[in-house]
Structures are given as C-alpha cells and as structure tokens.
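Trainee: run-v5.cif (mmCIF, C-alpha atoms) pasted underneath:
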```
data_structure
loop_
_atom_site.group_PDB
_atom_site.id
_atom_site.type_symbol
_atom_site.label_atom_id
_atom_site.label_comp_id
_atom_site.auth_asym_id
_atom_site.auth_seq_id
_atom_site.Cartn_x
_atom_site.Cartn_y
_atom_site.Cartn_z
ATOM 1 C CA MET A 357 -22.207 -5.147 -68.401
ATOM 2 C CA SER A 358 -22.591 -5.329 -64.673
ATOM 3 C CA ARG A 359 -20.922 -8.154 -62.812
ATOM 4 C CA PRO A 360 -23.091 -11.114 -61.864
ATOM 5 C CA LYS A 361 -25.010 -10.766 -58.627
ATOM 6 C CA PHE A 362 -27.709 -13.042 -57.259
ATOM 7 C CA VAL A 363 -30.231 -11.860 -54.659
ATOM 8 C CA TYR A 364 -33.011 -13.992 -53.209
ATOM 9 C CA VAL A 365 -35.541 -12.950 -50.595
ATOM 10 C CA THR A 366 -37.898 -15.300 -48.790
ATOM 11 C CA TYR A 367 -40.207 -14.904 -45.796
ATOM 12 C CA ILE A 368 -40.361 -17.756 -43.301
ATOM 13 C CA VAL A 369 -42.561 -18.363 -40.266
ATOM 14 C CA SER A 370 -39.733 -18.869 -37.804
ATOM 15 C CA THR A 371 -37.379 -16.972 -35.520
ATOM 16 C CA ALA A 372 -34.029 -15.443 -36.423
ATOM 17 C CA GLU A 373 -32.336 -17.863 -34.047
ATOM 18 C CA GLN A 374 -33.914 -20.908 -35.694
ATOM 19 C CA VAL A 375 -33.034 -19.700 -39.173
ATOM 20 C CA TRP A 376 -29.474 -18.991 -38.066
ATOM 21 C CA GLN A 377 -29.117 -22.454 -36.590
ATOM 22 C CA ALA A 378 -30.629 -24.061 -39.670
ATOM 23 C CA LEU A 379 -28.056 -22.348 -41.872
ATOM 24 C CA THR A 380 -24.999 -23.110 -39.758
ATOM 25 C CA ASP A 381 -25.531 -26.492 -38.061
ATOM 26 C CA PRO A 382 -24.548 -29.454 -40.281
ATOM 27 C CA ALA A 383 -26.968 -31.803 -38.498
ATOM 28 C CA ILE A 384 -29.814 -29.537 -39.668
ATOM 29 C CA THR A 385 -28.549 -28.599 -43.128
ATOM 30 C CA GLU A 386 -28.272 -32.307 -43.873
ATOM 31 C CA ARG A 387 -32.047 -32.531 -43.587
ATOM 32 C CA TYR A 388 -33.052 -29.837 -46.070
ATOM 33 C CA TRP A 389 -29.863 -29.099 -48.081
ATOM 34 C CA TYR A 390 -30.202 -32.374 -49.953
ATOM 35 C CA GLY A 391 -27.840 -34.265 -47.692
ATOM 36 C CA PHE A 392 -25.039 -31.698 -47.560
ATOM 37 C CA ARG A 393 -23.540 -31.014 -44.152
ATOM 38 C CA VAL A 394 -22.737 -27.315 -43.955
ATOM 39 C CA ALA A 395 -20.925 -26.121 -40.834
ATOM 40 C CA ALA A 396 -20.794 -22.357 -40.523
ATOM 41 C CA SER A 397 -21.078 -21.565 -36.832
ATOM 42 C CA GLY A 398 -17.496 -20.390 -36.452
ATOM 43 C CA ARG A 399 -16.336 -16.836 -35.958
ATOM 44 C CA ALA A 400 -15.017 -14.521 -38.645
ATOM 45 C CA GLY A 401 -11.650 -15.829 -39.812
ATOM 46 C CA GLU A 402 -12.622 -19.436 -39.117
ATOM 47 C CA HIS A 403 -14.046 -21.712 -41.812
ATOM 48 C CA MET A 404 -17.357 -22.725 -43.321
ATOM 49 C CA THR A 405 -17.092 -26.330 -44.444
ATOM 50 C CA ALA A 406 -19.463 -28.434 -46.502
ATOM 51 C CA ILE A 407 -19.471 -32.200 -46.903
ATOM 52 C CA ASP A 408 -21.426 -33.748 -49.758
ATOM 53 C CA PRO A 409 -23.671 -36.812 -49.269
ATOM 54 C CA ASP A 410 -20.748 -39.063 -50.269
ATOM 55 C CA GLY A 411 -18.573 -37.659 -47.497
ATOM 56 C CA LYS A 412 -16.360 -35.543 -49.741
ATOM 57 C CA GLU A 413 -15.406 -32.073 -48.538
ATOM 58 C CA VAL A 414 -16.673 -29.657 -51.181
ATOM 59 C CA HIS A 415 -16.124 -26.347 -49.397
ATOM 60 C CA ARG A 416 -13.569 -24.983 -46.960
ATOM 61 C CA ASP A 417 -14.125 -21.272 -47.127
ATOM 62 C CA VAL A 418 -13.298 -18.446 -44.779
ATOM 63 C CA ILE A 419 -16.106 -16.892 -42.734
ATOM 64 C CA LEU A 420 -16.071 -13.153 -43.391
ATOM 65 C CA VAL A 421 -18.796 -11.977 -41.026
ATOM 66 C CA SER A 422 -20.506 -13.806 -38.183
ATOM 67 C CA ASP A 423 -23.043 -11.771 -36.257
ATOM 68 C CA PRO A 424 -25.588 -14.270 -34.931
ATOM 69 C CA PRO A 425 -28.492 -14.347 -35.516
ATOM 70 C CA ARG A 426 -28.558 -11.485 -38.032
ATOM 71 C CA ARG A 427 -25.717 -11.589 -40.521
ATOM 72 C CA LEU A 428 -23.398 -14.221 -41.883
ATOM 73 C CA ALA A 429 -20.993 -13.921 -44.787
ATOM 74 C CA TYR A 430 -18.513 -16.389 -46.184
ATOM 75 C CA ALA A 431 -16.333 -16.854 -49.213
ATOM 76 C CA TRP A 432 -17.545 -19.407 -51.759
ATOM 77 C CA ARG A 433 -15.129 -21.484 -53.762
ATOM 78 C CA PRO A 434 -16.367 -25.000 -54.603
ATOM 79 C CA LEU A 435 -13.654 -27.635 -54.487
ATOM 80 C CA TYR A 436 -15.008 -29.602 -57.444
ATOM 81 C CA ASP A 437 -12.336 -29.830 -60.144
ATOM 82 C CA GLU A 438 -14.378 -28.093 -62.798
ATOM 83 C CA PHE A 439 -14.754 -24.961 -60.679
ATOM 84 C CA LYS A 440 -11.263 -24.848 -59.203
ATOM 85 C CA HIS A 441 -10.009 -22.299 -61.683
ATOM 86 C CA GLU A 442 -12.508 -19.719 -60.433
ATOM 87 C CA ARG A 443 -11.618 -17.400 -57.604
ATOM 88 C CA ALA A 444 -13.842 -17.268 -54.534
ATOM 89 C CA SER A 445 -17.132 -15.377 -54.687
ATOM 90 C CA ARG A 446 -19.017 -14.128 -51.623
ATOM 91 C CA VAL A 447 -22.232 -15.160 -49.884
ATOM 92 C CA THR A 448 -23.968 -12.745 -47.527
ATOM 93 C CA ILE A 449 -26.956 -13.884 -45.506
ATOM 94 C CA ASP A 450 -29.179 -11.345 -43.755
ATOM 95 C CA ILE A 451 -31.816 -12.441 -41.290
ATOM 96 C CA MET A 452 -34.361 -9.767 -40.402
ATOM 97 C CA PRO A 453 -36.932 -10.644 -37.729
ATOM 98 C CA LEU A 454 -40.372 -9.205 -38.468
ATOM 99 C CA LYS A 455 -43.514 -9.659 -36.378
ATOM 100 C CA ASP A 456 -43.879 -13.413 -36.271
ATOM 101 C CA GLN A 457 -41.726 -14.273 -39.216
ATOM 102 C CA VAL A 458 -38.294 -13.662 -40.653
ATOM 103 C CA ARG A 459 -37.136 -12.103 -43.873
ATOM 104 C CA LEU A 460 -34.155 -14.027 -45.179
ATOM 105 C CA THR A 461 -32.017 -12.421 -47.876
ATOM 106 C CA VAL A 462 -29.196 -14.279 -49.591
ATOM 107 C CA THR A 463 -26.879 -12.140 -51.700
ATOM 108 C CA HIS A 464 -24.243 -13.976 -53.700
ATOM 109 C CA ASP A 465 -21.831 -11.686 -55.543
ATOM 110 C CA ASP A 466 -18.215 -10.832 -56.285
ATOM 111 C CA PHE A 467 -18.096 -13.102 -59.329
ATOM 112 C CA ASP A 468 -16.047 -12.638 -62.460
ATOM 113 C CA GLU A 469 -18.169 -11.885 -65.518
ATOM 114 C CA SER A 470 -17.749 -15.306 -67.104
ATOM 115 C CA SER A 471 -18.355 -17.312 -63.917
ATOM 116 C CA VAL A 472 -19.812 -20.791 -64.377
ATOM 117 C CA VAL A 473 -20.362 -21.094 -60.638
ATOM 118 C CA PHE A 474 -22.717 -18.131 -60.889
ATOM 119 C CA GLU A 475 -24.990 -20.015 -63.284
ATOM 120 C CA LYS A 476 -25.065 -22.976 -60.908
ATOM 121 C CA ILE A 477 -25.847 -21.012 -57.768
ATOM 122 C CA THR A 478 -28.655 -19.189 -59.578
ATOM 123 C CA GLU A 479 -30.394 -22.539 -59.888
ATOM 124 C CA GLY A 480 -29.233 -23.821 -56.536
ATOM 125 C CA TRP A 481 -30.222 -21.176 -53.996
ATOM 126 C CA PRO A 482 -33.956 -21.112 -54.878
ATOM 127 C CA SER A 483 -34.061 -24.865 -54.459
ATOM 128 C CA VAL A 484 -32.187 -24.899 -51.138
ATOM 129 C CA LEU A 485 -34.074 -21.928 -49.699
ATOM 130 C CA SER A 486 -37.454 -23.341 -50.767
ATOM 131 C CA SER A 487 -36.525 -26.563 -49.015
ATOM 132 C CA LEU A 488 -35.380 -24.637 -45.921
ATOM 133 C CA LYS A 489 -38.689 -22.769 -45.759
ATOM 134 C CA SER A 490 -40.657 -25.999 -46.075
ATOM 135 C CA TYR A 491 -38.487 -27.644 -43.430
ATOM 136 C CA LEU A 492 -38.893 -24.834 -40.898
ATOM 137 C CA GLU A 493 -42.619 -24.366 -41.508
ATOM 138 C CA THR A 494 -43.782 -27.947 -41.937
ATOM 139 C CA GLY A 495 -40.976 -30.104 -40.549
ATOM 140 C CA ARG A 496 -40.524 -31.667 -43.977
ATOM 141 C CA ALA A 497 -37.896 -30.554 -46.465
ATOM 142 C CA LEU A 498 -38.390 -30.863 -50.202
ATOM 143 C CA SER A 499 -37.179 -34.153 -51.520
ATOM 144 C CA THR A 500 -35.433 -33.599 -54.764
ATOM 145 C CA PRO A 501 -32.611 -31.344 -55.729
ATOM 146 C CA VAL A 502 -32.946 -29.862 -59.192
ATOM 147 C CA TRP A 503 -29.457 -30.922 -60.155
ATOM 148 C CA ARG A 504 -28.598 -34.320 -61.539
ATOM 149 C CA SER A 505 -25.284 -35.024 -59.866
ATOM 150 C CA ALA A 506 -23.311 -33.204 -57.268
ATOM 151 C CA SER A 507 -20.084 -32.941 -59.211
ATOM 152 C CA GLU A 508 -21.931 -31.787 -62.287
ATOM 153 C CA ALA A 509 -23.771 -29.066 -60.569
ATOM 154 C CA GLU A 510 -22.008 -27.850 -57.443
ATOM 155 C CA MET A 511 -23.140 -28.436 -53.942
ATOM 156 C CA HIS A 512 -26.415 -26.670 -54.207
ATOM 157 C CA ALA A 513 -26.892 -25.899 -57.830
ATOM 158 C CA MET B 169 -23.425 -2.650 -73.307
ATOM 159 C CA PRO B 170 -26.615 -0.618 -73.343
ATOM 160 C CA GLY B 171 -29.723 -2.396 -74.478
ATOM 161 C CA GLN B 172 -28.500 -5.832 -73.519
ATOM 162 C CA ASP B 173 -29.864 -5.990 -70.010
ATOM 163 C CA LYS B 174 -33.459 -4.867 -69.842
ATOM 164 C CA PRO B 175 -34.828 -4.492 -66.306
ATOM 165 C CA LYS B 176 -35.923 -7.953 -65.298
ATOM 166 C CA PHE B 177 -37.018 -9.710 -62.135
ATOM 167 C CA VAL B 178 -36.760 -13.495 -61.962
ATOM 168 C CA TYR B 179 -37.922 -15.542 -58.992
ATOM 169 C CA VAL B 180 -38.013 -19.297 -58.626
ATOM 170 C CA THR B 181 -39.688 -21.160 -55.798
ATOM 171 C CA PHE B 182 -40.368 -24.831 -55.238
ATOM 172 C CA ILE B 183 -43.715 -25.682 -53.662
ATOM 173 C CA ARG B 184 -44.947 -29.034 -52.407
ATOM 174 C CA THR B 185 -48.140 -29.227 -54.450
ATOM 175 C CA THR B 186 -49.344 -30.239 -57.910
ATOM 176 C CA PRO B 187 -49.362 -28.115 -61.082
ATOM 177 C CA GLU B 188 -53.185 -28.226 -61.093
ATOM 178 C CA LYS B 189 -53.481 -26.988 -57.513
ATOM 179 C CA LEU B 190 -50.928 -24.277 -58.146
ATOM 180 C CA TRP B 191 -52.740 -23.160 -61.302
ATOM 181 C CA SER B 192 -55.955 -22.949 -59.358
ATOM 182 C CA ALA B 193 -54.236 -21.047 -56.541
ATOM 183 C CA LEU B 194 -52.908 -18.524 -59.049
ATOM 184 C CA THR B 195 -56.167 -17.964 -60.911
ATOM 185 C CA ASN B 196 -58.985 -18.364 -58.374
ATOM 186 C CA PRO B 197 -59.894 -14.910 -57.001
ATOM 187 C CA ASP B 198 -61.021 -16.071 -53.554
ATOM 188 C CA PHE B 199 -57.884 -18.098 -53.011
ATOM 189 C CA THR B 200 -55.701 -15.320 -54.417
ATOM 190 C CA ARG B 201 -57.050 -12.832 -51.852
ATOM 191 C CA ARG B 202 -55.716 -15.049 -49.072
ATOM 192 C CA TYR B 203 -52.050 -14.797 -50.047
ATOM 193 C CA TRP B 204 -51.995 -11.639 -52.239
ATOM 194 C CA PHE B 205 -52.757 -9.211 -49.414
ATOM 195 C CA GLY B 206 -56.450 -9.008 -50.177
ATOM 196 C CA MET B 207 -55.978 -8.426 -53.893
ATOM 197 C CA HIS B 208 -57.470 -10.485 -56.706
ATOM 198 C CA HIS B 209 -57.411 -10.810 -60.488
ATOM 199 C CA GLU B 210 -60.390 -10.003 -62.681
ATOM 200 C CA THR B 211 -60.149 -11.868 -65.986
ATOM 201 C CA ASP B 212 -61.359 -15.030 -67.697
ATOM 202 C CA TRP B 213 -57.721 -16.094 -68.276
ATOM 203 C CA LYS B 214 -58.162 -16.482 -72.020
ATOM 204 C CA PRO B 215 -55.556 -15.139 -74.454
ATOM 205 C CA GLY B 216 -56.596 -11.702 -75.661
ATOM 206 C CA SER B 217 -58.868 -11.077 -72.680
ATOM 207 C CA SER B 218 -58.494 -8.070 -70.452
ATOM 208 C CA TRP B 219 -56.849 -8.539 -67.091
ATOM 209 C CA ARG B 220 -57.022 -6.420 -63.956
ATOM 210 C CA LEU B 221 -55.537 -6.755 -60.495
ATOM 211 C CA LEU B 222 -57.765 -5.142 -57.882
ATOM 212 C CA PHE B 223 -57.102 -3.984 -54.356
ATOM 213 C CA ALA B 224 -59.350 -5.275 -51.585
ATOM 214 C CA ASP B 225 -61.454 -2.083 -51.848
ATOM 215 C CA GLY B 226 -61.968 -2.537 -55.589
ATOM 216 C CA GLN B 227 -59.476 0.075 -56.768
ATOM 217 C CA VAL B 228 -57.532 -1.013 -59.849
ATOM 218 C CA ALA B 229 -53.874 -1.639 -59.038
ATOM 219 C CA ASP B 230 -52.689 -2.988 -62.374
ATOM 220 C CA ALA B 231 -54.272 -3.755 -65.723
ATOM 221 C CA GLY B 232 -53.467 -5.262 -69.086
ATOM 222 C CA GLU B 233 -54.174 -8.355 -71.102
ATOM 223 C CA ILE B 234 -53.727 -12.108 -71.051
ATOM 224 C CA VAL B 235 -51.129 -12.885 -73.719
ATOM 225 C CA GLU B 236 -50.832 -16.637 -73.262
ATOM 226 C CA ALA B 237 -52.624 -19.160 -71.075
ATOM 227 C CA ASP B 238 -51.760 -22.844 -71.147
ATOM 228 C CA PRO B 239 -53.115 -24.485 -67.987
ATOM 229 C CA PRO B 240 -51.462 -25.772 -65.845
ATOM 230 C CA LYS B 241 -48.134 -24.731 -67.324
ATOM 231 C CA LEU B 242 -47.888 -21.163 -68.535
ATOM 232 C CA LEU B 243 -49.440 -17.735 -68.114
ATOM 233 C CA VAL B 244 -48.177 -14.603 -69.796
ATOM 234 C CA ILE B 245 -49.674 -11.258 -68.829
ATOM 235 C CA LYS B 246 -49.197 -7.831 -70.419
ATOM 236 C CA TRP B 247 -49.085 -5.824 -67.238
ATOM 237 C CA ARG B 248 -49.149 -2.114 -66.444
ATOM 238 C CA ASN B 249 -49.370 -0.334 -63.123
ATOM 239 C CA GLU B 250 -52.497 1.824 -62.892
ATOM 240 C CA PHE B 251 -52.322 3.565 -59.544
ATOM 241 C CA LYS B 252 -48.931 5.258 -59.441
ATOM 242 C CA PRO B 253 -48.480 7.790 -62.262
ATOM 243 C CA GLU B 254 -44.681 7.429 -62.332
ATOM 244 C CA LEU B 255 -45.022 3.657 -62.801
ATOM 245 C CA LYS B 256 -47.976 3.808 -65.174
ATOM 246 C CA SER B 257 -46.000 6.115 -67.454
ATOM 247 C CA GLU B 258 -43.438 3.366 -68.003
ATOM 248 C CA GLY B 259 -46.029 1.453 -69.994
ATOM 249 C CA TYR B 260 -46.548 -2.292 -70.227
ATOM 250 C CA SER B 261 -44.341 -4.962 -68.754
ATOM 251 C CA ARG B 262 -44.493 -8.682 -69.559
ATOM 252 C CA CYS B 263 -44.959 -11.200 -66.788
ATOM 253 C CA ALA B 264 -44.445 -14.895 -67.509
ATOM 254 C CA ILE B 265 -45.573 -17.419 -64.905
ATOM 255 C CA GLU B 266 -44.249 -20.936 -65.543
ATOM 256 C CA ILE B 267 -45.232 -24.090 -63.685
ATOM 257 C CA GLU B 268 -43.129 -27.231 -63.991
ATOM 258 C CA PRO B 269 -43.593 -30.475 -62.085
ATOM 259 C CA VAL B 270 -40.486 -31.820 -60.364
ATOM 260 C CA ASP B 271 -40.276 -34.895 -58.166
ATOM 261 C CA GLY B 272 -42.650 -34.350 -55.256
ATOM 262 C CA ALA B 273 -43.032 -30.631 -55.851
ATOM 263 C CA VAL B 274 -43.644 -27.940 -58.426
ATOM 264 C CA LYS B 275 -41.184 -25.381 -59.721
ATOM 265 C CA LEU B 276 -42.757 -21.955 -60.117
ATOM 266 C CA THR B 277 -40.840 -19.336 -62.108
ATOM 267 C CA ILE B 278 -41.872 -15.697 -62.384
ATOM 268 C CA THR B 279 -40.097 -13.623 -65.044
ATOM 269 C CA HIS B 280 -41.187 -10.002 -65.087
ATOM 270 C CA VAL B 281 -39.581 -7.816 -67.766
ATOM 271 C CA MET B 282 -39.903 -4.207 -68.851
ATOM 272 C CA ASP B 283 -38.718 -3.200 -72.310
ATOM 273 C CA ARG B 284 -36.938 -0.033 -71.222
ATOM 274 C CA ASP B 285 -33.414 0.802 -70.121
ATOM 275 C CA GLU B 286 -34.467 1.512 -66.542
ATOM 276 C CA SER B 287 -37.656 0.710 -64.656
ATOM 277 C CA LYS B 288 -39.032 1.790 -61.304
ATOM 278 C CA PHE B 289 -41.863 -0.631 -61.917
ATOM 279 C CA ILE B 290 -39.510 -3.625 -61.982
ATOM 280 C CA GLU B 291 -37.906 -2.336 -58.768
ATOM 281 C CA ALA B 292 -41.363 -2.219 -57.198
ATOM 282 C CA VAL B 293 -42.382 -5.739 -58.217
ATOM 283 C CA SER B 294 -38.980 -7.046 -57.061
ATOM 284 C CA GLY B 295 -40.077 -6.216 -53.529
ATOM 285 C CA GLY B 296 -43.611 -7.514 -53.963
ATOM 286 C CA TRP B 297 -43.156 -10.896 -55.614
ATOM 287 C CA PRO B 298 -41.054 -12.496 -52.824
ATOM 288 C CA ARG B 299 -43.754 -11.577 -50.300
ATOM 289 C CA ILE B 300 -46.603 -12.856 -52.437
ATOM 290 C CA LEU B 301 -44.826 -16.075 -53.382
ATOM 291 C CA SER B 302 -43.614 -16.754 -49.832
ATOM 292 C CA ASN B 303 -47.233 -16.423 -48.735
ATOM 293 C CA LEU B 304 -48.465 -18.659 -51.544
ATOM 294 C CA LYS B 305 -45.943 -21.385 -50.734
ATOM 295 C CA SER B 306 -46.846 -21.326 -47.050
ATOM 296 C CA LEU B 307 -50.566 -21.320 -47.778
ATOM 297 C CA LEU B 308 -50.322 -24.340 -50.056
ATOM 298 C CA GLU B 309 -47.991 -26.269 -47.764
ATOM 299 C CA THR B 310 -49.311 -25.337 -44.323
ATOM 300 C CA GLY B 311 -52.770 -23.855 -44.859
ATOM 301 C CA ASP B 312 -51.688 -20.456 -43.571
ATOM 302 C CA VAL B 313 -49.769 -17.471 -44.927
ATOM 303 C CA VAL B 314 -46.558 -15.925 -43.616
ATOM 304 C CA LEU B 315 -47.322 -12.246 -43.936
ATOM 305 C CA LYS B 316 -50.765 -11.353 -42.736
ATOM 306 C CA GLY B 317 -52.688 -8.189 -43.402
ATOM 307 C CA ARG B 318 -54.716 -6.649 -46.160
ATOM 308 C CA HIS B 319 -52.063 -4.482 -47.705
ATOM 309 C CA LEU B 320 -48.858 -5.213 -49.475
ATOM 310 C CA PRO B 321 -46.307 -4.081 -46.924
ATOM 311 C CA GLY B 322 -43.623 -1.673 -48.029
ATOM 312 C CA ASP B 323 -40.008 -1.921 -46.997
ATOM 313 C CA HIS B 324 -40.480 0.978 -44.611
ATOM 314 C CA ASP B 325 -42.599 -1.299 -42.415
ATOM 315 C CA GLU B 326 -39.657 -3.514 -41.756
ATOM 316 C CA ARG B 327 -36.585 -1.381 -41.364
#
```
Go through the file and emit its structure as structure tokens.

Mentor:
Amino acid sequence: MSRPKFVYVTYIVSTAEQVWQALTDPAITERYWYGFRVAASGRAGEHMTAIDPDGKEVHRDVILVSDPPRRLAYAWRPLYDEFKHERASRVTIDIMPLKDQVRLTVTHDDFDESSVVFEKITEGWPSVLSSLKSYLETGRALSTPVWRSASEAEMHA
Amino acid sequence: MPGQDKPKFVYVTFIRTTPEKLWSALTNPDFTRRYWFGMHHETDWKPGSSWRLLFADGQVADAGEIVEADPPKLLVIKWRNEFKPELKSEGYSRCAIEIEPVDGAVKLTITHVMDRDESKFIEAVSGGWPRILSNLKSLLETGDVVLKGRHLPGDHDER
C-alpha cells in the first residue's frame, strides 16, 4: 500500500501575491480559516504558528521552504493531545500564476500509514481552501467549518 | 496489496448556494456550457437513460448511462471516454456526484472510480475536475467563471 498523500488543486481569480499573503498572514487567515490565526511569513528554518479561536497555540512547526509568492512548505504536527504521538507530516503549497487567475496546489504528505491526522486533513483542506477561494473572489468566507470541535478534529479538519 | 486501491479521484468543494441551485447547475445544458468549457450533457437524467457529454462543436467526448439520480442529492453516471482510443479502451468508470447541505453552503463531492489496477482515464479526469469545479463554484458565487475559453485547458498550457 502506498503511503497516504493528499493533493488538492483549486483555481482562484486572484494574484499570486494575494494568495501568498492570504496563506501566511494571521490577520487574513482568521477571516476564512474559521478563526484560526496562521502565521507563516517567516523564512525557511523559522516557524509557522497557528492559534485556535480560543487563543491556544495548536501548531509551532518549522518552515521548510519559503519562496514568495510561489512555494511554501512547512512541517505539520498538531499540538492537540490526541495527535501528539504522530510524527510531523509535510505541507507543500504551490502557487502558479496563470492569465488572470492562480492555480493553487496543496500537497500534504510524508505521513505514516496509520495516520489519524491524515484522515482529518483530508476533510479539512477542501473546507479551508473553498473558504479561501470564496474570500478572495467575493470578500466573504464560508461560515461553517465541517468539524464539530477544534480539539476533536484538528485545526482545519 | 494489489487490488485494494483501484484508481480513484475524489474532490470535495464547498459552494455558497443551495442543493437545488447546484443540482440545476449540474444538469442544465445551457448553464453547464458556461463553466464546463463549452461542453454540455445530453440526457434526461433518469436512471437507465443514456448519457453523453458533448464538446461545443457537437463531438462526443464521453458517453454512458445514468445509474442513479436522486435530485438534489445524488447522481451516479457510468462513464466512458469516447474520443481518445487509449482511454476508451479502459472501459467504463463510475462517477458519483453527491450534494449535501451544510450551514450556509453546500458540500459537493465527486468520486470517480475505475475498476482496473491502473487508469490513464482517472489521471485525465484528475486534471479536469478541479478546473470544472473551480469554475462552477465561482460562477455560482460571483456570476463569472475563473478559467475562460471554450476548451478544457491541458497542463501544457500552464507550465
């Protein structure tokens, strides 16, 4: 069996710079990422951090690649107790400018075969990226995360 | 373990609309042309009926049969490529289109499966569905599509 890998592609009417900012600036992620503040504008070797709507830090993961506005990669190890036994996986974000839109590809891989986090992110990314697309194209994010509680389901799953 | 993982493409998108509007957007040929790169379906959407997906010029792209239709919740299509011999020879795939209301939006899930060990057809639709569904979401939410043009763009257009 191949190891779990999640890939999601979406096309957004926006610029690479705007998409980059929306993915790395906590003041913007808060608006479409269901209240989570995700800070990822540091350089490689620095940290991506995420704060949940209750103010709890739920990620402090090393940035692996930062090549604005085209490519961003960071480790992914949720700090919720139930996921703490899992080693870090890897998120790679590719932003490809096309004519008057952007192709955004999120690849989340490097999981162990039995990963529970993998199941959660498979639900989470489509929800977050749908909300991001709505936010950038219409100014309004989607309102409801698909998960029931943050601790139950990871920061975006 | 061979045989366990059949080639499969799954895509989920959340769209700010209603299940009824989304059902209509998926089945109405004039609306479909606007986000499906000029293509449209030719079918009465009844289980057992024939189904064809036509290019803008009328050429048949794909064909098959409606397996299930439960508006505005579920469509299942028996689906075979008709215009590329190497894809047509793979035979029929199964495409399930599920619509679920969530608070303030609709969850749309496409599950496209081929009952073979390997499938070029599933590789091909894996590139197409994100474009079509990104366009559909934009069209329903903003009144305009993302990717314009009459033809489904290939990856070579973008690299």

Trainee: Would you translate the PyMOL selection byres ((chain B) within 9 of (chain A)) into the concrete set of residues it matches in this file, as a PDB file with C-alpha atoms, in the frame of the given file?

Mentor:
```
ATOM      1  CA  MET B 169     -23.425  -2.650 -73.307  1.00  0.00           C
ATOM      2  CA  PRO B 170     -26.615  -0.618 -73.343  1.00  0.00           C
ATOM      3  CA  GLN B 172     -28.500  -5.832 -73.519  1.00  0.00           C
ATOM      4  CA  ASP B 173     -29.864  -5.990 -70.010  1.00  0.00           C
ATOM      5  CA  TYR B 179     -37.922 -15.542 -58.992  1.00  0.00           C
ATOM      6  CA  VAL B 180     -38.013 -19.297 -58.626  1.00  0.00           C
ATOM      7  CA  THR B 181     -39.688 -21.160 -55.798  1.00  0.00           C
ATOM      8  CA  PHE B 182     -40.368 -24.831 -55.238  1.00  0.00           C
ATOM      9  CA  ILE B 183     -43.715 -25.682 -53.662  1.00  0.00           C
ATOM     10  CA  ARG B 184     -44.947 -29.034 -52.407  1.00  0.00           C
ATOM     11  CA  VAL B 270     -40.486 -31.820 -60.364  1.00  0.00           C
ATOM     12  CA  ASP B 271     -40.276 -34.895 -58.166  1.00  0.00           C
ATOM     13  CA  GLY B 272     -42.650 -34.350 -55.256  1.00  0.00           C
ATOM     14  CA  ALA B 273     -43.032 -30.631 -55.851  1.00  0.00           C
ATOM     15  CA  LYS B 275     -41.184 -25.381 -59.721  1.00  0.00           C
ATOM     16  CA  GLY B 295     -40.077  -6.216 -53.529  1.00  0.00           C
ATOM     17  CA  PRO B 298     -41.054 -12.496 -52.824  1.00  0.00           C
ATOM     18  CA  ARG B 299     -43.754 -11.577 -50.300  1.00  0.00           C
ATOM     19  CA  LEU B 301     -44.826 -16.075 -53.382  1.00  0.00           C
ATOM     20  CA  SER B 302     -43.614 -16.754 -49.832  1.00  0.00           C
ATOM     21  CA  ASN B 303     -47.233 -16.423 -48.735  1.00  0.00           C
ATOM     22  CA  LYS B 305     -45.943 -21.385 -50.734  1.00  0.00           C
ATOM     23  CA  SER B 306     -46.846 -21.326 -47.050  1.00  0.00           C
ATOM     24  CA  GLU B 309     -47.991 -26.269 -47.764  1.00  0.00           C
ATOM     25  CA  THR B 310     -49.311 -25.337 -44.323  1.00  0.00           C
ATOM     26  CA  VAL B 313     -49.769 -17.471 -44.927  1.00  0.00           C
ATOM     27  CA  VAL B 314     -46.558 -15.925 -43.616  1.00  0.00           C
ATOM     28  CA  LEU B 315     -47.322 -12.246 -43.936  1.00  0.00           C
ATOM     29  CA  GLU B 326     -39.657  -3.514 -41.756  1.00  0.00           C
ATOM     30  CA  ARG B 327     -36.585  -1.381 -41.364  1.00  0.00           C
TER      31      ARG B 327
END
```

Trainee: Given the point (-38.6, 1.1, -61.4) in the coordinates of this file, which residues lie within 9 Å, counting all atoms listed in the file, and how would they look as a list in words?

Mentor: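 Checking each residue against the 9 Å limit leaves Pro175, Glu254, Leu255, Glu258, Glu286, Ser287, Lys288, Phe289, Ile290, Glu291, Ala292 and Val293 of chain B.
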
Trainee: Using all atoms listed in the file, which of the listed residues (B:Gln227, B:Thr279, B:Ser217, B:Ser261) sits closest to Lys246 of chain B?

Mentor: B:Ser261

Trainee: Could you tell me, as a list in words, exactly which residues end up selected when the PyMOL selection byres ((chain B and resi 214) around 9) is applied to this structure?

Mentor: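 Applying the PyMOL selection byres ((chain B and resi 214) around 9) to the structure shown produces Thr211, Asp212, Trp213, Pro215, Gly216, Ser217, Ser218, Ile234, Val235, Glu236 and Ala237 of chain B.
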
Trainee: Can you spit out the residues from that selection as a PDB file, in the frame of the given file, using C-alpha atoms?

Mentor:
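selection05.pdb, written as the output of this step:
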```
ATOM      1  CA  THR B 211     -60.149 -11.868 -65.986  1.00  0.00           C
ATOM      2  CA  ASP B 212     -61.359 -15.030 -67.697  1.00  0.00           C
ATOM      3  CA  TRP B 213     -57.721 -16.094 -68.276  1.00  0.00           C
ATOM      4  CA  PRO B 215     -55.556 -15.139 -74.454  1.00  0.00           C
ATOM      5  CA  GLY B 216     -56.596 -11.702 -75.661  1.00  0.00           C
ATOM      6  CA  SER B 217     -58.868 -11.077 -72.680  1.00  0.00           C
ATOM      7  CA  SER B 218     -58.494  -8.070 -70.452  1.00  0.00           C
ATOM      8  CA  ILE B 234     -53.727 -12.108 -71.051  1.00  0.00           C
ATOM      9  CA  VAL B 235     -51.129 -12.885 -73.719  1.00  0.00           C
ATOM     10  CA  GLU B 236     -50.832 -16.637 -73.262  1.00  0.00           C
ATOM     11  CA  ALA B 237     -52.624 -19.160 -71.075  1.00  0.00           C
TER      12      ALA B 237
END
```

Trainee: I'd like the neighbourhood of Pro239 of chain B as an MDAnalysis selection string, where a residue qualifies if any of its atoms comes within 8 Å (using only C-alpha atoms), though same-chain residues fewer than 4 positions away should be ignored.

Mentor: chainID B and resid 188 191 243

Trainee: To verify the selection step, state as a list of chain:residue names which residues the PyMOL selection byres ((chain A and resi 389) around 8) yields on this input.

Mentor: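 Evaluating the PyMOL selection byres ((chain A and resi 389) around 8) on these coordinates yields A:Thr385, A:Glu386, A:Arg387, A:Tyr388, A:Tyr390, A:Gly391, A:Phe392, A:Arg393, A:Val484, A:Ser487, A:Leu488, A:His512.
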
Trainee: With distances taken over all atoms listed in the file, which residue among B:His208, B:Arg262, B:Lys316, B:Arg284 lies nearest Gly232 of chain B?

Mentor: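 Looking at the shortest contact to Gly232 of chain B, the residue is B:Arg262.
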
Trainee: I'd like the neighbourhood of segment 394-406 of chain A as number ranges by chain, where a residue qualifies if any of its atoms comes within 10 Å (using only C-alpha atoms), though same-chain residues fewer than 4 positions away should be ignored.

Mentor: A: 376-386, 389, 411-424, 428-432, 434-435, 511
